[in-house]
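Q: First, the structure itself, so that you have it in front of you.
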Amino acid sequence: MTLSRRDFLKLATLLSASAALNACAPAVRRLTNELPAVSWSALSAADFTALNRITFGARVDERARLAEIGLANYIEEQLDFETINDLALDLQLSTFNTLTMAANEIEAVTNQLFDGYDREHPINELRQATFLRQLYSKRQLYEVMVDFWSDHFNIFIEKEPIFYLKTVDDRDVIRKHALGNFRDLVWASAHSPAMLTYLDNQANVKGTPNENYARELMELHTLGVDGGYSQDDVMQLARCLTGWSVKEHFWLGDFVFKEDQHEPGEKNVLGLAIQESGQREAEQVIEHLALHPSTAKFICTKLARRFIADEPPQEIIEKAAQTFLATKGDIKSVLRVILLDGLAFAQPKYKRPLNFVLSALRMLNVETDGVAMHNPLMQMGQMYFNWTTPDGYPDRSDAWQGSLMPRWQFAFELIRNELPKTKHNLNALLDVSSTGSLHTDVDSLTSLLLGTSLDRLTRDGMIDTVHSAGATEEETLQIIAASLIASPAFQWR
């Protein structure tokens, strides 16, 4: 049976009529692929929402684990990420040769492996590895935080020569400190050749200071645009940062402080008198910025927006900011406040393209090498490390509520197994212990993808629409699965 794209889109829009979703009864199935027998609809609506905030989409085994130990214990387990065994993923990523290289090695190998530069080789490896980590890692909260900090300290990878610098930044700045201490994170970013190059600080020299990085360090990385700094503070910090550069020859791509390019004399930043001390001048300011009250509020607001709502409760932001200052920027402590106290206030957030694609793949237990996701993510507007401006991909729902066509197209191709080297396991999820009732199976499928069931009239209308096109029961379940993924309900988390 062949369903046209037009018929599929008509079926997807049918779900728009079902604005209210009701809690459904548990449906237990024994799963293949070494997944346990679990009830994937046993979670409350609040727990289902929470799980989809701290993961890239709730897999059935993760739902089972949360149901077993409770949300608070699940969050603690995820925060203690280093105790979670991710060996299978590590082995899968071991073939990506540039992930562990120094910058000069990456630059050299791209020259040696190909006839001239193939700058896309390290870029593609980093993008593919990032996707596979988000899809398959059991350390989901850690990967969510890596994604958060990658936006916060955004670097556009296509700017020369960042193609061989960003891999090191991802490994030694973002991933190393994602659940560590914010002071260490911003310190590492400030010394990152990828960041310094992206924001032109290698052009920041005495006599002609370039304020680009100094401005973004204050506006986007620490204090926030309303954090209380002035244009003079930006220029004074830029003077402190003169000479912070990147090696161009021996140990290509490493950080270097060039004393002969540093602006001499005393500086004054945010009321701090900075005595002439070379590299140490900017480091004094960075340490001050990292623990500034405005920084605490700015970072906690962004975290609360990511996990709770576009307009998060002020009381949660304030409590998290107090924790930030009391713990001197301990990220885990701040997250405990936002997740344990704040998720109860969670409001619907529109899925960014990455969350949309990953949640569909994770919920359907998809097997893929990730390469086929390049085009869909480009079409939806969120390819990894491809945001040109330093503010990072938007985190508000209204920024992404544009055309649904690329999402519908993705759902259609995913269920038809038309994406290269990508295969869903919908049948394995449904066929082992089917009830024999198509209507009950559709309820189970709906609870798998949406966490709750559709009303009876909408469910029966979908089944009748597909049957009228001549579909078998197996085809009906696949078509409805695609329709659910394309539905308005699935676009929100």
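A note on labels: chains of the structure tokens are A, B, ... as shown, every chain counts residues from 1, and ligands are counted from 1 in their shown order.
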Quick one: residues within 7 Å of Ala486 in chain A, only C-alpha atoms counted, chain neighbours fewer than 2 positions away excluded, as a ChimeraX atom specification?
A: /A:12,407-408,411,482-484,488,490
Q: Take the selection from the previous step and output its residues with C-alpha atoms, as a PDB file, in the first residue's frame.
A:
```
ATOM      1  CA  ALA A  12      -1.308  14.595  10.136  1.00  0.00           C
ATOM      2  CA  ARG A 407       9.287  18.153   9.994  1.00  0.00           C
ATOM      3  CA  TRP A 408       6.423  16.426   8.206  1.00  0.00           C
ATOM      4  CA  ALA A 411       8.424  11.938   9.753  1.00  0.00           C
ATOM      5  CA  ALA A 482       4.359   9.068  11.150  1.00  0.00           C
ATOM      6  CA  SER A 483       1.232  11.165  11.635  1.00  0.00           C
ATOM      7  CA  LEU A 484       1.832  11.368  15.378  1.00  0.00           C
ATOM      8  CA  PRO A 488       1.127  19.469  16.576  1.00  0.00           C
ATOM      9  CA  PHE A 490       4.609  15.985  19.120  1.00  0.00           C
TER      10      PHE A 490
END
```
Q: Do you know which residues are at most 9 Å from Lys421 in chain A counting only C-alpha atoms, after dropping those on the same chain fewer than 3 positions away, and could you put them as a VMD selection string?
A: chain A and resid 367 to 372 417 to 418
Q: Can I get the selection written as a CSV table (one decimal), in the first residue's frame, with C-alpha atoms?
A:
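Now in again32.csv:
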```
chain,number,residue,atom,x,y,z
A,367,GLU,CA,19.4,2.5,14.4
A,368,THR,CA,21.5,5.0,12.4
A,369,ASP,CA,25.0,6.3,11.8
A,370,GLY,CA,23.6,9.8,12.0
A,371,VAL,CA,24.9,10.9,8.5
A,372,ALA,CA,21.4,10.9,7.1
A,417,ASN,CA,12.8,3.8,6.2
A,418,GLU,CA,13.8,6.2,3.3
```
Q: For range 159-165 of chain A, find every residue with an atom within 6 Å (counting only C-alpha atoms), except residues of its own chain fewer than 2 positions away, and show them as an mmCIF file with N, CA and C atoms, in the first residue's frame.
A:
```cif
data_model
loop_
_atom_site.group_PDB
_atom_site.id
_atom_site.type_symbol
_atom_site.label_atom_id
_atom_site.label_comp_id
_atom_site.auth_asym_id
_atom_site.auth_seq_id
_atom_site.Cartn_x
_atom_site.Cartn_y
_atom_site.Cartn_z
ATOM 1 N N ALA A 103 44.879 20.463 18.000
ATOM 2 C CA ALA A 103 44.500 21.265 16.841
ATOM 3 C C ALA A 103 45.497 21.115 15.696
ATOM 4 N N ILE A 106 44.955 17.863 13.919
ATOM 5 C CA ILE A 106 43.765 17.869 13.059
ATOM 6 C C ILE A 106 44.061 18.594 11.756
ATOM 7 N N GLU A 107 44.727 19.748 11.854
ATOM 8 C CA GLU A 107 45.062 20.499 10.650
ATOM 9 C C GLU A 107 45.986 19.692 9.745
ATOM 10 N N ILE A 123 35.041 18.634 10.616
ATOM 11 C CA ILE A 123 33.718 19.196 10.902
ATOM 12 C C ILE A 123 32.669 18.098 10.907
ATOM 13 N N ILE A 157 31.408 27.122 13.215
ATOM 14 C CA ILE A 157 32.519 26.249 12.837
ATOM 15 C C ILE A 157 33.016 26.495 11.416
ATOM 16 N N THR A 167 36.921 21.295 17.444
ATOM 17 C CA THR A 167 36.947 19.962 18.064
ATOM 18 C C THR A 167 37.622 20.008 19.425
ATOM 19 N N VAL A 168 38.713 20.747 19.530
ATOM 20 C CA VAL A 168 39.426 20.882 20.801
ATOM 21 C C VAL A 168 38.578 21.666 21.790
ATOM 22 N N ALA A 194 39.672 28.515 19.574
ATOM 23 C CA ALA A 194 38.491 28.587 18.722
ATOM 24 C C ALA A 194 37.665 29.821 19.042
#
```
Q: Using DSSP secondary structure from the backbone, list all strand (DSSP E or B) positions within range 186-321 of chain A, as a list of chain:residue names.
A: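 Residues meeting the strand (DSSP E or B) criterion: A:Val205, A:Thr208, A:Trp244, A:Ser245, A:Val246, A:Phe255, A:Val256, A:Phe257, A:Lys267, A:Asn268, A:Val269, A:Leu272, A:Ala273, A:Ile274.
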Q: Kindly export the residues of the current selection with C-alpha atoms, as a PDB file, in the first residue's frame.
A:
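Wrote it out as result-v1.pdb, contents follow:
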```pdb
ATOM      1  CA  VAL A 205      46.561  44.367  19.698  1.00  0.00           C
ATOM      2  CA  THR A 208      44.122  49.362  17.915  1.00  0.00           C
ATOM      3  CA  TRP A 244      45.617  37.021  23.765  1.00  0.00           C
ATOM      4  CA  SER A 245      46.097  35.112  20.551  1.00  0.00           C
ATOM      5  CA  VAL A 246      46.649  31.797  18.773  1.00  0.00           C
ATOM      6  CA  PHE A 255      46.712  29.584  22.914  1.00  0.00           C
ATOM      7  CA  VAL A 256      49.524  32.114  23.234  1.00  0.00           C
ATOM      8  CA  PHE A 257      49.923  35.426  25.048  1.00  0.00           C
ATOM      9  CA  LYS A 267      43.052  49.522  33.358  1.00  0.00           C
ATOM     10  CA  ASN A 268      39.779  49.872  35.209  1.00  0.00           C
ATOM     11  CA  VAL A 269      36.945  47.370  34.596  1.00  0.00           C
ATOM     12  CA  LEU A 272      38.356  47.137  39.518  1.00  0.00           C
ATOM     13  CA  ALA A 273      41.751  48.796  39.266  1.00  0.00           C
ATOM     14  CA  ILE A 274      43.847  46.409  37.171  1.00  0.00           C
TER      15      ILE A 274
END
```
Q: Using only C-alpha atoms, pick whichever of A:Asp441, A:Glu216, A:Leu270, A:Arg352 has the shortest atom-to-atom distance to Ser230 in chain A.
A: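 Closest to Ser230 in chain A, using only C-alpha atoms: A:Leu270.
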Q: Could you give me, as a PyMOL selection string, the residues within 12 Å of Thr98 in chain A, counting only C-alpha atoms and dropping anything in the same chain fewer than 3 positions from it?
A: chain A and resi 93-95+101-110+113+119-129+163-168+170-171
Q: Using Å and a single decimal, report how far CA of Ser137 in chain A sits from CA of Asp90 in chain A.
A: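 Going from CA of Asp90 in chain A over to CA of Ser137 in chain A, I get 9.0 Å.
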Q: Please identify all polymer residues within 9 Å of Ala238 in chain A, counting only C-alpha atoms, omitting same-chain residues fewer than 3 positions from it, and present them as a ChimeraX atom specification.
A: /A:201,204,209-215,233-235,241-242,282
Q: Run DSSP on the backbone of this structure and report the residues of range 223-425 of chain A it assigns to alpha helix (DSSP H), as an NGL selection string.
A: :A and (231-240 or 279-290 or 293-307 or 314-326 or 331-336 or 353-363 or 374-380 or 405-415)
Q: Which residues are near Ser359 in chain A? Cut-off 8 Å, only C-alpha atoms, ignore same chain within fewer than 3 positions. Put them as a PyMOL selection string.
A: chain A and resi 56-58+355-356+362-363
Q: Could you tell me how far CA of Thr323 in chain A sits from CA of Arg63 in chain A, in Å to one decimal place?
A: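 Taking CA of Arg63 in chain A and CA of Thr323 in chain A, their separation equals 29.3 Å.
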Q: For CA of Leu426 in chain A and CA of His374 in chain A, quote the distance in Å rounded to one decimal.
A: 22.4 Å
Q: With distances taken over only C-alpha atoms, which residue among A:Ser333, A:Pro193, A:Cys300, A:Thr458 lies nearest Glu318 in chain A?
A: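 With only C-alpha atoms as the atom set, the closest residue is A:Cys300.
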Q: Identify, on the basis of only C-alpha atoms, every residue whose closest approach to range 302-311 of chain A does not exceed 10 Å; exclude the query and any residue fewer than 2 positions from it along the same chain; express the result as a CSV table (one decimal) with N, CA and C atoms, in the first residue's frame.
A:
```csv
chain,number,residue,atom,x,y,z
A,49,THR,N,6.9,14.9,31.1
A,49,THR,CA,7.4,16.2,30.7
A,49,THR,C,8.8,16.4,31.2
A,50,ALA,N,9.0,16.1,32.5
A,50,ALA,CA,10.3,16.2,33.1
A,50,ALA,C,11.4,15.4,32.4
A,52,ASN,N,11.4,14.4,29.3
A,52,ASN,CA,11.7,15.0,28.0
A,52,ASN,C,12.4,16.3,28.1
A,53,ARG,N,12.6,16.9,29.3
A,53,ARG,CA,13.4,18.1,29.4
A,53,ARG,C,14.9,17.7,29.8
A,54,ILE,N,15.0,16.6,30.5
A,54,ILE,CA,16.4,16.2,30.9
A,54,ILE,C,17.0,15.1,30.0
A,144,VAL,N,22.6,17.0,27.4
A,144,VAL,CA,21.7,18.2,27.3
A,144,VAL,C,22.5,19.4,27.7
A,145,MET,N,23.3,19.3,28.8
A,145,MET,CA,24.1,20.4,29.2
A,145,MET,C,25.2,20.8,28.3
A,148,PHE,N,23.5,22.8,25.8
A,148,PHE,CA,23.2,24.2,26.4
A,148,PHE,C,24.5,25.0,26.3
A,149,TRP,N,25.6,24.5,26.8
A,149,TRP,CA,26.8,25.4,26.8
A,149,TRP,C,27.4,25.6,25.4
A,152,HIS,N,25.5,28.6,24.5
A,152,HIS,CA,25.9,29.7,25.4
A,152,HIS,C,27.3,30.3,24.9
A,297,LYS,N,22.5,35.6,37.9
A,297,LYS,CA,21.1,35.8,37.5
A,297,LYS,C,21.0,35.4,36.0
A,298,PHE,N,21.9,35.9,35.2
A,298,PHE,CA,21.9,35.7,33.7
A,298,PHE,C,21.9,34.2,33.4
A,299,ILE,N,22.9,33.5,34.0
A,299,ILE,CA,23.1,32.1,33.7
A,299,ILE,C,21.9,31.3,34.2
A,300,CYS,N,21.4,31.6,35.4
A,300,CYS,CA,20.2,30.8,36.0
A,300,CYS,C,19.0,31.1,35.2
A,313,PRO,N,9.7,31.0,36.3
A,313,PRO,CA,9.3,31.7,37.5
A,313,PRO,C,10.5,32.5,38.1
A,314,GLN,N,10.3,33.7,38.6
A,314,GLN,CA,11.3,34.5,39.1
A,314,GLN,C,11.9,33.9,40.4
A,316,ILE,N,12.2,30.8,41.2
A,316,ILE,CA,13.2,29.7,40.9
A,316,ILE,C,14.5,30.3,40.4
A,317,ILE,N,14.5,31.4,39.6
A,317,ILE,CA,15.7,32.0,39.1
A,317,ILE,C,16.5,32.6,40.3
A,320,ALA,N,18.0,29.8,42.4
A,320,ALA,CA,19.1,29.2,41.7
A,320,ALA,C,20.3,30.2,41.7
A,334,VAL,N,23.3,24.2,41.1
A,334,VAL,CA,22.3,25.1,40.4
A,334,VAL,C,21.2,24.2,39.7
A,335,LEU,N,21.6,23.2,39.0
A,335,LEU,CA,20.7,22.3,38.3
A,335,LEU,C,19.7,21.6,39.3
A,337,VAL,N,18.4,22.8,41.9
A,337,VAL,CA,17.4,23.8,42.2
A,337,VAL,C,16.4,23.9,41.0
A,338,ILE,N,17.0,24.1,39.9
A,338,ILE,CA,16.1,24.3,38.7
A,338,ILE,C,15.3,23.0,38.4
A,339,LEU,N,15.9,21.9,38.5
A,339,LEU,CA,15.2,20.6,38.2
A,339,LEU,C,14.2,20.2,39.3
A,342,GLY,N,12.1,23.5,40.1
A,342,GLY,CA,11.5,24.2,39.0
A,342,GLY,C,10.6,23.4,38.0
A,343,LEU,N,10.9,22.1,37.9
A,343,LEU,CA,10.2,21.4,36.9
A,343,LEU,C,8.7,21.3,37.2
A,344,ALA,N,8.3,21.5,38.4
A,344,ALA,CA,6.9,21.5,38.8
A,344,ALA,C,6.2,22.6,38.1
A,345,PHE,N,6.9,23.7,37.7
A,345,PHE,CA,6.3,24.8,37.0
A,345,PHE,C,6.5,24.8,35.5
A,346,ALA,N,6.9,23.6,35.0
A,346,ALA,CA,7.2,23.5,33.5
A,346,ALA,C,6.0,23.8,32.7
A,347,GLN,N,6.3,24.6,31.7
A,347,GLN,CA,5.2,25.0,30.7
A,347,GLN,C,5.7,24.4,29.3
A,348,PRO,N,4.7,24.1,28.4
A,348,PRO,CA,5.1,23.6,27.1
A,348,PRO,C,6.2,24.4,26.4
A,349,LYS,N,7.2,23.7,25.8
A,349,LYS,CA,8.2,24.4,25.0
A,349,LYS,C,8.2,23.7,23.7
A,350,TYR,N,8.2,24.5,22.6
A,350,TYR,CA,8.2,24.0,21.3
A,350,TYR,C,9.6,23.4,21.0
A,395,ASP,N,16.4,29.9,22.1
A,395,ASP,CA,15.8,28.9,23.0
A,395,ASP,C,14.3,29.2,23.3
A,396,ARG,N,13.7,30.2,22.6
A,396,ARG,CA,12.3,30.5,22.8
A,396,ARG,C,11.5,29.8,21.8
A,397,SER,N,10.3,29.4,22.1
A,397,SER,CA,9.4,28.6,21.2
A,397,SER,C,9.1,29.4,20.0
A,398,ASP,N,8.8,30.7,20.1
A,398,ASP,CA,8.4,31.4,18.9
A,398,ASP,C,9.5,31.5,17.8
```
